[in-house]
$ cat query-v6.pdb   # PDB, C-alpha atoms
ATOM      1  CA  MET A   8      26.016  -9.053   8.916
ATOM      2  CA  GLU A   9      27.222 -11.863  11.175
ATOM      3  CA  TYR A  10      24.835 -13.225  13.781
ATOM      4  CA  ASN A  11      25.643 -14.684  17.188
ATOM      5  CA  VAL A  12      23.902 -18.015  17.599
ATOM      6  CA  ILE A  13      21.763 -18.328  20.731
ATOM      7  CA  LYS A  14      21.303 -21.848  22.019
ATOM      8  CA  ASP A  15      17.687 -23.057  22.007
ATOM      9  CA  ALA A  16      16.529 -19.883  20.291
ATOM     10  CA  ASP A  17      13.411 -21.653  19.030
ATOM     11  CA  LYS A  18      12.410 -22.553  22.586
ATOM     12  CA  ILE A  19      12.980 -18.986  23.765
ATOM     13  CA  LEU A  20      10.650 -17.739  21.030
ATOM     14  CA  ALA A  21       8.015 -20.365  21.813
ATOM     15  CA  ARG A  22       7.885 -19.316  25.477
ATOM     16  CA  SER A  23       7.616 -15.573  24.823
ATOM     17  CA  ASN A  24       4.293 -13.743  24.988
ATOM     18  CA  TYR A  25       5.770 -11.102  22.697
ATOM     19  CA  VAL A  26       6.428 -13.440  19.769
ATOM     20  CA  VAL A  27       3.478 -14.063  17.465
ATOM     21  CA  SER A  28       4.060 -17.573  16.146
ATOM     22  CA  ASN A  29       1.070 -17.532  13.797
ATOM     23  CA  PRO A  30       1.047 -14.000  12.317
ATOM     24  CA  ALA A  31      -1.102 -14.986   9.320
ATOM     25  CA  SER A  32      -4.028 -15.667  11.647
ATOM     26  CA  TYR A  33      -4.022 -11.989  12.680
ATOM     27  CA  LYS A  34      -4.204 -10.538   9.179
ATOM     28  CA  ASN A  35      -6.674  -7.621   9.328
ATOM     29  CA  LYS A  36      -7.030  -8.235  13.081
ATOM     30  CA  TRP A  37      -3.844  -6.840  14.633
ATOM     31  CA  ASN A  38      -5.748  -4.113  16.464
ATOM     32  CA  SER A  39      -7.746  -6.807  18.244
ATOM     33  CA  LEU A  40      -4.507  -8.460  19.369
ATOM     34  CA  PHE A  41      -3.250  -5.159  20.763
ATOM     35  CA  GLY A  42      -6.678  -4.407  22.191
ATOM     36  CA  ASN A  43      -6.948  -0.907  20.744
ATOM     37  CA  ASN A  44      -7.237   1.063  17.509
ATOM     38  CA  ASN A  45      -3.928   2.873  17.805
ATOM     39  CA  PRO A  46      -1.611   3.202  14.759
ATOM     40  CA  ILE A  47       0.576   0.209  13.944
ATOM     41  CA  ASN A  48       4.202   0.710  12.928
ATOM     42  CA  LEU A  49       6.289  -2.116  11.461
ATOM     43  CA  GLU A  50      10.071  -2.583  11.426
ATOM     44  CA  LEU A  51      11.377  -4.959   8.782
ATOM     45  CA  GLY A  52      14.676  -6.571   9.786
ATOM     46  CA  MET A  53      14.660  -5.506  13.435
ATOM     47  CA  GLY A  54      17.902  -7.335  14.277
ATOM     48  CA  ARG A  55      18.335  -7.527  18.047
ATOM     49  CA  GLY A  56      15.335  -5.316  18.649
ATOM     50  CA  GLU A  57      16.934  -2.301  20.317
ATOM     51  CA  PHE A  58      15.110   0.169  18.065
ATOM     52  CA  ILE A  59      11.618  -1.318  18.145
ATOM     53  CA  ILE A  60      11.712  -2.036  21.889
ATOM     54  CA  THR A  61      12.788   1.512  22.720
ATOM     55  CA  MET A  62      10.256   3.036  20.315
ATOM     56  CA  ALA A  63       7.443   1.037  21.921
ATOM     57  CA  LYS A  64       8.457   2.138  25.411
ATOM     58  CA  GLN A  65       8.694   5.791  24.374
ATOM     59  CA  ASN A  66       5.411   5.821  22.422
ATOM     60  CA  PRO A  67       2.744   3.914  24.371
ATOM     61  CA  LYS A  68      -0.092   5.180  22.135
ATOM     62  CA  ILE A  69       1.423   3.553  19.034
ATOM     63  CA  ASN A  70       1.581  -0.207  18.459
ATOM     64  CA  PHE A  71       4.889  -1.619  17.201
ATOM     65  CA  ILE A  72       5.721  -4.861  15.417
ATOM     66  CA  GLY A  73       9.291  -5.985  14.814
ATOM     67  CA  LEU A  74       9.916  -8.593  12.111
ATOM     68  CA  GLU A  75      13.187 -10.500  11.869
ATOM     69  CA  LEU A  76      14.102 -13.604   9.878
ATOM     70  CA  ASN A  77      16.933 -14.831  12.123
ATOM     71  CA  GLU A  78      15.839 -16.856  15.160
ATOM     72  CA  SER A  79      18.865 -15.973  17.273
ATOM     73  CA  GLN A  80      18.428 -12.262  16.658
ATOM     74  CA  THR A  81      14.766 -12.491  17.582
ATOM     75  CA  ALA A  82      15.635 -14.506  20.705
ATOM     76  CA  TYR A  83      18.140 -11.823  21.642
ATOM     77  CA  ALA A  84      15.315  -9.256  21.432
ATOM     78  CA  VAL A  85      13.138 -11.428  23.667
ATOM     79  CA  GLN A  86      15.926 -11.655  26.221
ATOM     80  CA  LYS A  87      16.407  -7.896  26.058
ATOM     81  CA  ILE A  88      12.730  -7.367  26.878
ATOM     82  CA  GLY A  89      13.085  -9.671  29.870
ATOM     83  CA  ASN A  90      10.361  -9.060  32.466
ATOM     84  CA  GLN A  91       9.390  -5.653  31.127
ATOM     85  CA  ASN A  92       5.719  -4.992  30.440
ATOM     86  CA  ILE A  93       5.411  -3.459  26.960
ATOM     87  CA  PRO A  94       1.806  -4.083  25.870
ATOM     88  CA  ASN A  95       2.165  -2.202  22.560
ATOM     89  CA  LEU A  96       4.925  -4.457  21.218
ATOM     90  CA  LYS A  97       4.863  -7.718  19.254
ATOM     91  CA  LEU A  98       7.619  -9.638  17.448
ATOM     92  CA  ILE A  99       7.494 -11.882  14.394
ATOM     93  CA  CYS A 100      10.252 -14.288  13.335
ATOM     94  CA  ALA A 101       9.626 -14.679   9.613
ATOM     95  CA  ASN A 102      10.664 -13.653   6.125
ATOM     96  CA  ALA A 103       9.785 -10.122   5.012
ATOM     97  CA  ASN A 104       8.705 -11.581   1.676
ATOM     98  CA  ASP A 105       5.673 -13.016   3.474
ATOM     99  CA  ILE A 106       4.241  -9.774   4.874
ATOM    100  CA  LEU A 107       1.241  -9.905   2.537
ATOM    101  CA  ASP A 108       0.240 -13.093   4.348
ATOM    102  CA  PHE A 109       0.457 -11.308   7.701
ATOM    103  CA  PHE A 110      -1.081  -7.889   7.143
ATOM    104  CA  GLY A 111      -3.993  -6.292   5.387
ATOM    105  CA  LYS A 112      -4.224  -2.515   5.091
ATOM    106  CA  GLU A 113      -3.198  -1.996   8.709
ATOM    107  CA  ILE A 114       0.268  -0.435   8.784
ATOM    108  CA  ASP A 115       0.868   3.280   9.296
ATOM    109  CA  THR A 116       4.680   3.454   9.148
ATOM    110  CA  ILE A 117       7.394   1.089   7.920
ATOM    111  CA  TYR A 118      10.928   1.305   9.324
ATOM    112  CA  LEU A 119      13.908   0.003   7.376
ATOM    113  CA  THR A 120      16.792   0.230   9.828
ATOM    114  CA  PHE A 121      20.168  -0.894   8.508
ATOM    115  CA  SER A 122      18.723  -3.437   6.118
ATOM    116  CA  GLU A 123      21.099  -5.746   4.259
ATOM    117  CA  PRO A 124      22.408  -3.465   1.446
ATOM    118  CA  TRP A 125      22.844  -6.200  -1.197
ATOM    119  CA  PRO A 126      25.453  -4.124  -3.071
ATOM    120  CA  LYS A 127      25.887  -6.399  -6.082
ATOM    121  CA  PRO A 128      23.685  -5.514  -9.091
ATOM    122  CA  ILE A 129      22.579  -9.133  -9.356
ATOM    123  CA  ASP A 130      21.008  -8.827  -5.888
ATOM    124  CA  GLU A 131      19.149  -5.567  -6.547
ATOM    125  CA  LYS A 132      15.705  -7.162  -6.205
ATOM    126  CA  LYS A 133      16.546  -8.214  -2.635
ATOM    127  CA  ARG A 134      16.865  -4.612  -1.452
ATOM    128  CA  PHE A 135      13.949  -3.522   0.720
ATOM    129  CA  THR A 136      13.555  -0.371  -1.375
ATOM    130  CA  HIS A 137      13.363  -2.164  -4.719
ATOM    131  CA  ILE A 138      10.208  -1.317  -6.642
ATOM    132  CA  ASN A 139       8.790  -4.797  -5.986
ATOM    133  CA  TYR A 140       8.962  -4.213  -2.242
ATOM    134  CA  LEU A 141       7.515  -0.714  -2.535
ATOM    135  CA  LYS A 142       4.532  -2.177  -4.396
ATOM    136  CA  MET A 143       4.194  -4.785  -1.657
ATOM    137  CA  TYR A 144       4.153  -2.103   1.029
ATOM    138  CA  ASP A 145       1.290  -0.380  -0.806
ATOM    139  CA  ARG A 146      -0.903  -3.356   0.018
ATOM    140  CA  ILE A 147      -0.332  -3.174   3.771
ATOM    141  CA  TYR A 148      -0.397   0.587   4.355
ATOM    142  CA  LYS A 149      -3.591   1.580   6.129
ATOM    143  CA  LYS A 150      -3.929   4.758   4.052
ATOM    144  CA  ASN A 151      -0.981   7.063   3.457
ATOM    145  CA  LYS A 152       2.498   5.749   2.742
ATOM    146  CA  HIS A 153       5.175   6.515   5.335
ATOM    147  CA  LEU A 154       8.629   4.952   5.286
ATOM    148  CA  ILE A 155      11.681   5.795   7.381
ATOM    149  CA  LEU A 156      15.071   4.421   6.367
ATOM    150  CA  LYS A 157      18.441   4.496   8.090
ATOM    151  CA  THR A 158      21.635   2.962   6.737
ATOM    152  CA  ASP A 159      25.398   3.270   6.880
ATOM    153  CA  ASN A 160      25.649   2.147   3.251
ATOM    154  CA  LYS A 161      25.930   5.095   0.858
ATOM    155  CA  VAL A 162      25.143   3.020  -2.232
ATOM    156  CA  LEU A 163      21.924   1.661  -0.753
ATOM    157  CA  PHE A 164      20.937   5.127   0.397
ATOM    158  CA  ALA A 165      21.439   6.687  -3.050
ATOM    159  CA  TYR A 166      19.571   3.788  -4.629
ATOM    160  CA  SER A 167      16.706   4.180  -2.145
ATOM    161  CA  LEU A 168      16.353   7.904  -2.764
ATOM    162  CA  GLU A 169      16.076   7.166  -6.469
ATOM    163  CA  THR A 170      13.521   4.367  -6.178
ATOM    164  CA  LEU A 171      11.392   6.196  -3.603
ATOM    165  CA  SER A 172      11.399   9.363  -5.684
ATOM    166  CA  SER A 173      10.495   7.530  -8.881
ATOM    167  CA  TYR A 174       7.622   5.891  -6.988
ATOM    168  CA  TRP A 175       6.233   9.328  -6.087
ATOM    169  CA  TYR A 176       7.316   9.439  -2.479
ATOM    170  CA  GLU A 177       8.112  12.896  -1.155
ATOM    171  CA  PHE A 178      10.880  13.528   1.336
ATOM    172  CA  LYS A 179      10.034  15.112   4.669
ATOM    173  CA  ARG A 180      13.624  14.886   5.925
ATOM    174  CA  VAL A 181      16.860  13.737   4.361
ATOM    175  CA  SER A 182      20.162  13.639   6.213
ATOM    176  CA  MET A 183      23.589  12.624   4.977
ATOM    177  CA  ASP A 184      24.964  12.552   8.524
ATOM    178  CA  LEU A 185      22.157  11.923  10.996
ATOM    179  CA  HIS A 186      24.195  12.067  14.196
ATOM    180  CA  HIS A 187      25.712  15.430  13.346
ATOM    181  CA  ASP A 188      22.712  17.030  11.661
ATOM    182  CA  GLU A 189      22.128  20.564  12.930
ATOM    183  CA  ARG A 190      18.367  19.985  12.870
ATOM    184  CA  LYS A 191      18.701  17.481  15.738
ATOM    185  CA  ILE A 192      16.377  14.950  14.115
ATOM    186  CA  PRO A 193      14.765  12.725  16.787
ATOM    187  CA  ASN A 194      16.448   9.354  16.662
ATOM    188  CA  VAL A 195      16.492   6.002  18.457
ATOM    189  CA  MET A 196      19.622   4.008  17.683
ATOM    190  CA  THR A 197      19.741   0.329  16.793
ATOM    191  CA  ASP A 198      22.465  -1.948  18.163
ATOM    192  CA  TRP A 199      24.315  -1.760  14.846
ATOM    193  CA  GLU A 200      23.917   2.008  14.739
ATOM    194  CA  GLN A 201      25.529   2.348  18.154
ATOM    195  CA  LYS A 202      28.550   0.485  16.821
ATOM    196  CA  CYS A 203      28.644   2.718  13.737
ATOM    197  CA  PHE A 204      28.463   5.786  15.943
ATOM    198  CA  LYS A 205      31.429   4.627  18.031
ATOM    199  CA  ASP A 206      33.363   3.957  14.826
ATOM    200  CA  GLY A 207      32.576   7.446  13.499
ATOM    201  CA  LYS A 208      30.594   6.214  10.488
ATOM    202  CA  GLN A 209      28.088   8.454   8.729
ATOM    203  CA  ILE A 210      24.464   7.457   9.055
ATOM    204  CA  TYR A 211      22.145   8.237   6.146
ATOM    205  CA  TYR A 212      18.486   8.926   6.854
ATOM    206  CA  VAL A 213      15.309   9.612   4.933
ATOM    207  CA  ASP A 214      11.736  10.136   6.132
ATOM    208  CA  ALA A 215       9.547   9.603   3.053
ATOM    209  CA  TYR A 216       5.784   9.794   2.570
ATOM    210  CA  PHE A 217       2.988   9.859   0.053
ATOM    211  CA  ASN A 218      -0.471  11.125   0.990
ATOM    212  CA  ASN A 219      -3.218   9.436  -0.992
TER     213      ASN A 219
END

$ encode --input "query-v6.pdb" --output "structure tokens"
Amino acid sequence: MEYNVIKDADKILARSNYVVSNPASYKNKWNSLFGNNNPINLELGMGRGEFIITMAKQNPKINFIGLELNESQTAYAVQKIGNQNIPNLKLICANANDILDFFGKEIDTIYLTFSEPWPKPIDEKKRFTHINYLKMYDRIYKKNKHLILKTDNKVLFAYSLETLSSYWYEFKRVSMDLHHDERKIPNVMTDWEQKCFKDGKQIYYVDAYFNN
């Protein structure tokens, strides 16, 4: 995906109370930062933050963390929050490969919303549903595994169903066309998803879990 560059993005992040600049220092202590023992849900690759911000506002008894590598995208999320008071939301600008440095067994749900599909076979290990990532997630789940994925990329979706299934995840819900699913699956759209919806693209969805 192409990113719009925001001038002085680093300064915008530094000034924000929502951005955690030193996430490693809160490993095993995120509940103390939020000031409660509510569940913690993590979005990897939050983009401009539309999904995680809306989820936090709609679910005040759940804590949400959005992680994004790109500074401009994260700054865009900060600007979108503006002067709103959302105490159950934090943002991290960092690489998803470093999540083991940031979290202990603290995460209840992981969201993968329109992750980079990495369609070339040579890039398979970069996909967020590659077995190496699934093993990484095991080390930050609080107890049971729970992963929700949305994508407009059919190849990534098929690949993800295969890897999740082979790793003993079960599927609570699977949809090949989320926006036109007769079951009316509850859904908060990302910025990219809104564009896909306007363009009439299918959105693939899976809610996967494994109870230990």

$ resolve_selection --input "query-v6.pdb" --expression "the PyMOL selection byres ((chain A and resi 120-131) around 7)" --output "PyMOL selection string"
chain A and resi 52+118-119+132-134+137+156-160+163

$ closest_atom_pairs --input "query-v6.pdb" --of "segment 135-199 of chain A" --to "segment 31-48 of chain A" --cutoff "10 Å" --atoms "all atoms listed in the file" --output "tab-separated table"
residue	atom	partner	partner_atom	distance
A:Ile147	CA	A:Asn35	CA	9.5
A:Tyr148	CA	A:Ile47	CA	9.6
A:Lys149	CA	A:Ile47	CA	9.0
A:His153	CA	A:Asn48	CA	9.6
A:Leu154	CA	A:Asn48	CA	9.8

$ residues_around --input "query-v6.pdb" --residues "Gly207 of chain A" --least-positions-apart "2" --cutoff "12 Å" --atoms "only C-alpha atoms" --output "list in words"
Asp159, Asp184, Leu185, His186, His187, Glu200, Gln201, Lys202, Cys203, Phe204, Lys205, Gln209 and Ile210 of chain A

$ closest_residue --input "query-v6.pdb" --among "A:Leu76, A:Ala16, A:Ile60, A:Val27" --to "Gln91 of chain A" --atoms "only C-alpha atoms"
A:Ile60

$ residues_around --input "query-v6.pdb" --residues "Met196 of chain A" --least-positions-apart "6" --cutoff "9 Å" --atoms "only C-alpha atoms" --output "PDB file with C-alpha atoms, in the frame of the given file"
ATOM      1  CA  GLU A  57      16.934  -2.301  20.317  1.00  0.00           C
ATOM      2  CA  PHE A  58      15.110   0.169  18.065  1.00  0.00           C
ATOM      3  CA  THR A  61      12.788   1.512  22.720  1.00  0.00           C
TER       4      THR A  61
END

$ closest_residue --input "query-v6.pdb" --among "A:Ala82, A:Val195, A:Ile69, A:Ile99" --to "Asn29 of chain A" --atoms "only C-alpha atoms"
A:Ile99

$ closest_residue --input "query-v6.pdb" --among "A:Lys142, A:Ala63, A:Asp198, A:Leu171" --to "Tyr83 of chain A" --atoms "only C-alpha atoms"
A:Asp198

$ residues_around --input "query-v6.pdb" --residues "Thr136 of chain A" --least-positions-apart "5" --cutoff "7 Å" --atoms "all atoms listed in the file" --output "count of residues only"
3

$ atom_distance --input "query-v6.pdb" --atom1 "atom CA of Pro94 of chain A" --atom2 "atom CA of Lys64 of chain A"
9.1 Å

$ closest_residue --input "query-v6.pdb" --among "A:Asn90, A:Asn139, A:Asn102, A:Ser182" --to "Asn194 of chain A" --atoms "all atoms listed in the file"
A:Ser182

$ atom_distance --input "query-v6.pdb" --atom1 "atom CA of Ile72 of chain A" --atom2 "atom CA of Arg146 of chain A"
16.8 Å

$ residues_around --input "query-v6.pdb" --residues "segment 18-21 of chain A" --least-positions-apart "4" --cutoff "10 Å" --atoms "all atoms listed in the file" --output "PyMOL selection string"
chain A and resi 13-14+25-28+78-79+81-86+98-100

$ closest_residue --input "query-v6.pdb" --among "A:Ala215, A:Met143, A:Ile88, A:Ile155" --to "Ile106 of chain A" --atoms "only C-alpha atoms"
A:Met143

$ closest_residue --input "query-v6.pdb" --among "A:Tyr144, A:Gln80, A:Lys161, A:Pro67" --to "Asp105 of chain A" --atoms "only C-alpha atoms"
A:Tyr144

$ atom_distance --input "query-v6.pdb" --atom1 "atom CA of Phe217 of chain A" --atom2 "atom CA of Asn151 of chain A"
5.9 Å

$ resolve_selection --input "query-v6.pdb" --expression "the PyMOL selection byres ((chain A and resi 50) around 6)" --output "number ranges by chain"
A: 49, 51, 53, 73, 117-118

$ write_last_selection --input "query-v6.pdb" --atoms "C-alpha atoms" --output "PDB file, in the coordinates of the input"
ATOM      1  CA  LEU A  49       6.289  -2.116  11.461  1.00  0.00           C
ATOM      2  CA  LEU A  51      11.377  -4.959   8.782  1.00  0.00           C
ATOM      3  CA  MET A  53      14.660  -5.506  13.435  1.00  0.00           C
ATOM      4  CA  GLY A  73       9.291  -5.985  14.814  1.00  0.00           C
ATOM      5  CA  ILE A 117       7.394   1.089   7.920  1.00  0.00           C
ATOM      6  CA  TYR A 118      10.928   1.305   9.324  1.00  0.00           C
TER       7      TYR A 118
END

$ decode --input "query-v6.pdb" --residues "segment 146-184 of chain A" --atoms "C-alpha atoms" --output "compact mmCIF listing (two decimals), in the first residue's frame"
# COMPACT_ATOMS: atom_id res chain seq x y z
CA ARG A 146 3.74 -16.37 23.55
CA ILE A 147 1.64 -13.23 24.03
CA TYR A 148 -1.85 -14.71 24.32
CA LYS A 149 -3.08 -14.48 27.90
CA LYS A 150 -4.72 -17.91 27.71
CA ASN A 151 -6.86 -18.93 24.76
CA LYS A 152 -5.93 -18.06 21.19
CA HIS A 153 -8.29 -15.71 19.34
CA LEU A 154 -7.47 -14.16 15.98
CA ILE A 155 -9.70 -12.18 13.64
CA LEU A 156 -8.56 -11.54 10.07
CA LYS A 157 -10.00 -9.39 7.31
CA THR A 158 -8.52 -9.00 3.84
CA ASP A 159 -9.45 -8.19 0.26
CA ASN A 160 -6.74 -10.55 -0.99
CA LYS A 161 -8.12 -13.99 -1.87
CA VAL A 162 -4.70 -15.64 -2.00
CA LEU A 163 -3.76 -14.45 1.48
CA PHE A 164 -7.14 -15.51 2.81
CA ALA A 165 -6.85 -19.05 1.41
CA TYR A 166 -3.30 -19.28 2.72
CA SER A 167 -4.41 -18.08 6.16
CA LEU A 168 -7.24 -20.59 6.40
CA GLU A 169 -4.74 -23.33 5.64
CA THR A 170 -2.08 -22.22 8.12
CA LEU A 171 -4.58 -21.52 10.91
CA SER A 172 -6.27 -24.87 10.39
CA SER A 173 -2.98 -26.77 10.35
CA TYR A 174 -2.06 -25.01 13.60
CA TRP A 175 -5.23 -26.36 15.24
CA TYR A 176 -7.27 -23.19 15.19
CA GLU A 177 -11.01 -23.70 14.86
CA PHE A 178 -13.21 -21.35 12.89
CA LYS A 179 -16.08 -19.60 14.65
CA ARG A 180 -17.07 -17.64 11.54
CA VAL A 181 -15.82 -17.61 7.97
CA SER A 182 -17.17 -15.28 5.31
CA MET A 183 -16.23 -15.01 1.65
CA ASP A 184 -18.13 -11.73 1.30
